[in-house]
Amino acid sequence: MIAFIFPGQGSQKVGMGTQLADASAAARAVFQEVDDALGQNLFRLMREGPEEELTLTANAQPAIMAHSLAIVRVLASGGVHLAEKGAGVAGHSLGEYSALAAVGAFSLGDTARLLRIRGDAMQAAVPVGVGSMCALLGADLEKATALAEAAAEGEVCEVANDNDPGQVVLSGHLGAIDRAVELAKEFGCKRAIKLPVSAPFHCTLMQPAADAMERALAETPPGAFLLPLYANVTAAAVTDAEIEQALLVQQITGRVRWRESIAAMHEAGITHFVELGGKVVGPMVKKIAPEAEVTSVVSMEDIEALAKFL
């Protein structure tokens with residue numbers, strides 16, 4: 001069985017989608033629809049940069065989604081439909097919105113608008129310089145949790161992403177994250193690296209953004225979706241749109257349980273994971289389920305190869 005997975009923030013880069021747009025009318029239509037929904041020439045920013053503007057959360061989130069959905073539409077234009085070929089979907093953080101759009105829960109325009117609201121709200125939730133994040137390498141969830149508790153000292157320091165068996169990300173107040181980096185080796189972590197992020201995502205400091213998304217999703221709720229989605233906050237399959245709406249709100253402050261999600265999918269019989277729009281979450285899958293097959297699809301050549309395989 002096959003699952004389709006979608007990357008999150010950090011997979012953006014200048015030039016993304018250019019080859020797809022040059023080669024496919026279906027891809028061009030996706031980028032135009034996203035531009036129209038946002039009232040912005042986002043695709044020009046994706047194609048030409050500057051990188052620092054593309055990296056802004058409010059731009060990166062809809063850009064990454066647009067890139068993934070362009071691949072979905074190009075596949076569909078060739079007769080390859082995810083709902084007919086897959087057994088489930090998942091996405092890392094904002095990638096959960098890409099996954100939902102890919103299986104019909106949101107329209108493309110609504111997904112772009114929701115991700116713009118989400119990006120703006122996450123950026124605005126914490127003043128610049130107040131929060132930070134760090135990646136712990138050679139650390140499991142148990143070590144990371146103990147380190148976070150020790151580093152907090154009355155501030156927020158929480159596990160934000162449980163990515164794979166050897167990579168966990170912490171998020172919280174700047175001082176707490178700095179302490180975590182200093183203490184990391186004492187807690188058995190190989191390395192701790194501060195991340196170049198503009199806000200402390202997926203921790204309780206993001207509550208104002210969760211409130212904003214609760215309002216936004218009340219106005220634009222997800223509809224029915226064609227494949228089960230493995231949700232970030234539960235690491236379990238969801239088929240009910242109303243339940244997923246609540247989970248998307250919780251996701252803003254909650255931990256991205258990616259390691260557990262992939263493990264649950266593998267246990268449910270998924271043997272092949274196809275990453276659409278990046279080469280970020282695929283390598284994590286290999287660390288979680290080494291015997292699983294992983295394919296990353298970014299270029300027209302990748303799409304053609306996948307279409308032949310499917």
# chains A, B, ... in the order shown; residues from 1 in each chain; ligands from 1
>>> residues_around(residues="Glu186 (chain A)", least_positions_apart="4", cutoff="12 Å", atoms="only C-alpha atoms", output="list in words")
Ala139, Lys143, Ala144, Ala146, Leu147, Ala150, Ala151, Arg179, Ala180, Val181, Glu182, Lys190, Arg191 and Ala192 of chain A
>>> write_last_selection(atoms="N, CA and C atoms", output="PDB file, in the first residue's frame")
ATOM      1  N   ALA A 139      19.068  12.377  19.580  1.00  0.00           N
ATOM      2  CA  ALA A 139      18.230  12.435  20.781  1.00  0.00           C
ATOM      3  C   ALA A 139      16.895  11.784  20.484  1.00  0.00           C
ATOM      4  N   LYS A 143      14.883  11.643  26.041  1.00  0.00           N
ATOM      5  CA  LYS A 143      15.996  12.563  26.355  1.00  0.00           C
ATOM      6  C   LYS A 143      15.579  14.016  26.134  1.00  0.00           C
ATOM      7  N   ALA A 144      14.878  14.257  25.018  1.00  0.00           N
ATOM      8  CA  ALA A 144      14.470  15.622  24.674  1.00  0.00           C
ATOM      9  C   ALA A 144      13.508  16.189  25.708  1.00  0.00           C
ATOM     10  N   ALA A 146      13.249  15.317  28.909  1.00  0.00           N
ATOM     11  CA  ALA A 146      14.000  15.583  30.148  1.00  0.00           C
ATOM     12  C   ALA A 146      14.813  16.864  30.021  1.00  0.00           C
ATOM     13  N   LEU A 147      15.447  17.055  28.871  1.00  0.00           N
ATOM     14  CA  LEU A 147      16.232  18.271  28.623  1.00  0.00           C
ATOM     15  C   LEU A 147      15.334  19.506  28.658  1.00  0.00           C
ATOM     16  N   ALA A 150      14.439  20.450  32.144  1.00  0.00           N
ATOM     17  CA  ALA A 150      15.581  21.012  32.889  1.00  0.00           C
ATOM     18  C   ALA A 150      15.901  22.434  32.436  1.00  0.00           C
ATOM     19  N   ALA A 151      15.733  22.701  31.141  1.00  0.00           N
ATOM     20  CA  ALA A 151      16.114  24.004  30.580  1.00  0.00           C
ATOM     21  C   ALA A 151      15.057  25.074  30.800  1.00  0.00           C
ATOM     22  N   ARG A 179      19.537  27.672  26.971  1.00  0.00           N
ATOM     23  CA  ARG A 179      19.958  26.768  28.046  1.00  0.00           C
ATOM     24  C   ARG A 179      19.918  25.315  27.563  1.00  0.00           C
ATOM     25  N   ALA A 180      18.910  24.979  26.777  1.00  0.00           N
ATOM     26  CA  ALA A 180      18.796  23.616  26.248  1.00  0.00           C
ATOM     27  C   ALA A 180      19.993  23.263  25.372  1.00  0.00           C
ATOM     28  N   VAL A 181      20.419  24.224  24.550  1.00  0.00           N
ATOM     29  CA  VAL A 181      21.585  23.991  23.676  1.00  0.00           C
ATOM     30  C   VAL A 181      22.835  23.735  24.523  1.00  0.00           C
ATOM     31  N   GLU A 182      22.990  24.516  25.594  1.00  0.00           N
ATOM     32  CA  GLU A 182      24.161  24.354  26.474  1.00  0.00           C
ATOM     33  C   GLU A 182      24.140  23.018  27.221  1.00  0.00           C
ATOM     34  N   LYS A 190      23.713  14.152  20.912  1.00  0.00           N
ATOM     35  CA  LYS A 190      24.990  14.337  20.206  1.00  0.00           C
ATOM     36  C   LYS A 190      25.266  15.810  19.939  1.00  0.00           C
ATOM     37  N   ARG A 191      24.233  16.504  19.427  1.00  0.00           N
ATOM     38  CA  ARG A 191      24.393  17.922  19.071  1.00  0.00           C
ATOM     39  C   ARG A 191      23.079  18.650  19.255  1.00  0.00           C
ATOM     40  N   ALA A 192      23.171  19.947  19.493  1.00  0.00           N
ATOM     41  CA  ALA A 192      21.986  20.814  19.517  1.00  0.00           C
ATOM     42  C   ALA A 192      22.271  22.010  18.622  1.00  0.00           C
TER      43      ALA A 192
END
>>> residues_around(residues="region 201-211 of chain A", least_positions_apart="2", cutoff="6 Å", atoms="only C-alpha atoms", output="PDB file with C-alpha atoms, in the first residue's frame")
ATOM      1  CA  ALA A 121      -0.840  34.494  13.042  1.00  0.00           C
ATOM      2  CA  MET A 122       2.161  32.321  13.925  1.00  0.00           C
ATOM      3  CA  ALA A 125       1.932  35.392  18.199  1.00  0.00           C
ATOM      4  CA  ALA A 160       7.767  20.781  19.100  1.00  0.00           C
ATOM      5  CA  ALA A 199       9.022  32.270  15.828  1.00  0.00           C
ATOM      6  CA  MET A 213      -6.967  29.491  13.341  1.00  0.00           C
ATOM      7  CA  GLU A 214      -9.990  28.414  15.379  1.00  0.00           C
ATOM      8  CA  VAL A 249      -6.400  24.121  15.868  1.00  0.00           C
ATOM      9  CA  ILE A 252      -0.599  25.077  16.267  1.00  0.00           C
ATOM     10  CA  THR A 253       0.481  24.597  19.893  1.00  0.00           C
ATOM     11  CA  GLY A 254       0.823  20.809  19.817  1.00  0.00           C
ATOM     12  CA  ARG A 255       3.714  18.517  19.056  1.00  0.00           C
TER      13      ARG A 255
END
>>> atom_distance(atom1="CA of Gly131 (chain A)", atom2="CA of Gly91 (chain A)")
24.3 Å
>>> select_by_dssp(residues="region 100-225 of chain A", states="strand (DSSP E)", output="PyMOL selection string")
chain A and resi 131-137+157-164+167-173+191-194
>>> write_last_selection(atoms="C-alpha atoms", output="PDB file, in the first residue's frame")
ATOM      1  CA  GLY A 131      11.192  32.833  21.165  1.00  0.00           C
ATOM      2  CA  SER A 132      13.467  30.318  19.478  1.00  0.00           C
ATOM      3  CA  MET A 133      13.787  26.665  18.435  1.00  0.00           C
ATOM      4  CA  CYS A 134      16.596  24.130  18.372  1.00  0.00           C
ATOM      5  CA  ALA A 135      17.097  20.734  16.775  1.00  0.00           C
ATOM      6  CA  LEU A 136      18.503  17.949  18.930  1.00  0.00           C
ATOM      7  CA  LEU A 137      20.476  15.369  16.941  1.00  0.00           C
ATOM      8  CA  CYS A 157      10.557  24.896  26.650  1.00  0.00           C
ATOM      9  CA  GLU A 158       8.660  22.081  24.943  1.00  0.00           C
ATOM     10  CA  VAL A 159       9.065  19.322  22.379  1.00  0.00           C
ATOM     11  CA  ALA A 160       7.767  20.781  19.100  1.00  0.00           C
ATOM     12  CA  ASN A 161       8.614  18.066  16.561  1.00  0.00           C
ATOM     13  CA  ASP A 162       9.357  14.397  17.157  1.00  0.00           C
ATOM     14  CA  ASN A 163      10.729  13.893  13.636  1.00  0.00           C
ATOM     15  CA  ASP A 164      12.530  10.552  13.658  1.00  0.00           C
ATOM     16  CA  GLN A 167      15.968  14.092  15.694  1.00  0.00           C
ATOM     17  CA  VAL A 168      13.715  16.043  18.033  1.00  0.00           C
ATOM     18  CA  VAL A 169      13.034  19.799  17.935  1.00  0.00           C
ATOM     19  CA  LEU A 170      12.442  21.999  21.000  1.00  0.00           C
ATOM     20  CA  SER A 171      10.549  25.290  20.995  1.00  0.00           C
ATOM     21  CA  GLY A 172       9.981  28.034  23.557  1.00  0.00           C
ATOM     22  CA  HIS A 173      11.444  31.174  25.081  1.00  0.00           C
ATOM     23  CA  ARG A 191      24.393  17.922  19.071  1.00  0.00           C
ATOM     24  CA  ALA A 192      21.986  20.814  19.517  1.00  0.00           C
ATOM     25  CA  ILE A 193      21.574  23.347  16.725  1.00  0.00           C
ATOM     26  CA  LYS A 194      19.575  26.553  16.981  1.00  0.00           C
TER      27      LYS A 194
END
>>> closest_residue(among="A:Val103, A:Ala37, A:Met300, A:Ala292", to="Leu115 (chain A)", atoms="only C-alpha atoms")
A:Ala37
>>> residues_around(residues="region 48-60 of chain A", least_positions_apart="5", cutoff="6 Å", atoms="only C-alpha atoms", output="compact mmCIF listing (two decimals) with C-alpha atoms, in the first residue's frame")
# COMPACT_ATOMS: atom_id res chain seq x y z
CA VAL A 14 14.06 30.03 -4.77
CA ARG A 116 -1.64 32.92 4.83
CA GLY A 119 1.57 32.12 8.73
CA ASP A 120 0.65 35.67 9.74
>>> closest_residue(among="A:Val130, A:Val274, A:Gly138, A:His67", to="Ala305 (chain A)", atoms="only C-alpha atoms")
A:Val274
>>> closest_residue(among="A:Gln123, A:Ser261, A:Thr295, A:Asn41", to="Ala212 (chain A)", atoms="only C-alpha atoms")
A:Gln123
>>> atom_distance(atom1="CA of Val72 (chain A)", atom2="CA of Ala102 (chain A)")
6.7 Å
>>> residues_around(residues="Gln19 (chain A)", least_positions_apart="6", cutoff="10 Å", atoms="only C-alpha atoms", output="JSON, numbers by chain")
{"A": [27, 47, 298, 299, 300]}
>>> write_last_selection(atoms="C-alpha atoms", output="mmCIF file, in the first residue's frame")
data_model
loop_
_atom_site.group_PDB
_atom_site.id
_atom_site.type_symbol
_atom_site.label_atom_id
_atom_site.label_comp_id
_atom_site.auth_asym_id
_atom_site.auth_seq_id
_atom_site.Cartn_x
_atom_site.Cartn_y
_atom_site.Cartn_z
ATOM 1 C CA ALA A 27 0.992 23.394 -12.760
ATOM 2 C CA ARG A 47 10.615 31.615 -9.003
ATOM 3 C CA VAL A 298 9.896 17.300 -7.220
ATOM 4 C CA SER A 299 10.609 17.486 -10.983
ATOM 5 C CA MET A 300 8.690 16.565 -14.147
#
>>> closest_residue(among="A:Ala216, A:Val89, A:Leu248, A:Leu174", to="His272 (chain A)", atoms="only C-alpha atoms")
A:Val89
>>> residues_around(residues="Glu267 (chain A)", least_positions_apart="3", cutoff="12 Å", atoms="only C-alpha atoms", output="PyMOL selection string")
chain A and resi 1+235-237+260-264+270-271+288-289+291-292
>>> atom_distance(atom1="CA of Val128 (chain A)", atom2="CA of Ile177 (chain A)")
14.5 Å
>>> select_by_dssp(residues="region 217-271 of chain A", states="helix (DSSP H, G or I)", output="number ranges by chain")
A: 217-219, 241-253, 258-267
>>> write_last_selection(atoms="C-alpha atoms", output="mmCIF file, in the first residue's frame")
data_model
loop_
_atom_site.group_PDB
_atom_site.id
_atom_site.type_symbol
_atom_site.label_atom_id
_atom_site.label_comp_id
_atom_site.auth_asym_id
_atom_site.auth_seq_id
_atom_site.Cartn_x
_atom_site.Cartn_y
_atom_site.Cartn_z
ATOM 1 C CA LEU A 217 -11.459 27.272 10.378
ATOM 2 C CA ALA A 218 -14.928 28.015 11.784
ATOM 3 C CA GLU A 219 -15.489 30.189 8.697
ATOM 4 C CA ALA A 241 -13.865 16.418 8.906
ATOM 5 C CA GLU A 242 -15.244 17.850 12.148
ATOM 6 C CA ILE A 243 -12.643 16.011 14.226
ATOM 7 C CA GLU A 244 -9.888 17.145 11.859
ATOM 8 C CA GLN A 245 -11.024 20.780 12.182
ATOM 9 C CA ALA A 246 -10.405 20.626 15.937
ATOM 10 C CA LEU A 247 -7.065 18.854 15.426
ATOM 11 C CA LEU A 248 -5.848 21.596 13.060
ATOM 12 C CA VAL A 249 -6.400 24.121 15.868
ATOM 13 C CA GLN A 250 -4.566 21.919 18.403
ATOM 14 C CA GLN A 251 -1.733 21.436 15.900
ATOM 15 C CA ILE A 252 -0.599 25.077 16.267
ATOM 16 C CA THR A 253 0.481 24.597 19.893
ATOM 17 C CA TRP A 258 5.825 12.632 12.820
ATOM 18 C CA ARG A 259 7.834 9.612 13.997
ATOM 19 C CA GLU A 260 4.733 8.062 15.537
ATOM 20 C CA SER A 261 2.585 8.955 12.494
ATOM 21 C CA ILE A 262 4.909 7.172 10.069
ATOM 22 C CA ALA A 263 5.206 4.197 12.416
ATOM 23 C CA ALA A 264 1.404 3.982 12.656
ATOM 24 C CA MET A 265 1.047 4.132 8.869
ATOM 25 C CA HIS A 266 3.674 1.433 8.439
ATOM 26 C CA GLU A 267 1.947 -0.755 11.023
#
>>> residues_around(residues="Ser77 (chain A)", least_positions_apart="3", cutoff="7 Å", atoms="only C-alpha atoms", output="PyMOL selection string")
chain A and resi 26+73-74
>>> write_last_selection(atoms="C-alpha atoms", output="PDB file, in the first residue's frame")
ATOM      1  CA  ALA A  26      -1.859  22.149 -14.965  1.00  0.00           C
ATOM      2  CA  ARG A  73      -2.541  18.389 -10.362  1.00  0.00           C
ATOM      3  CA  VAL A  74       0.107  17.404 -12.917  1.00  0.00           C
TER       4      VAL A  74
END
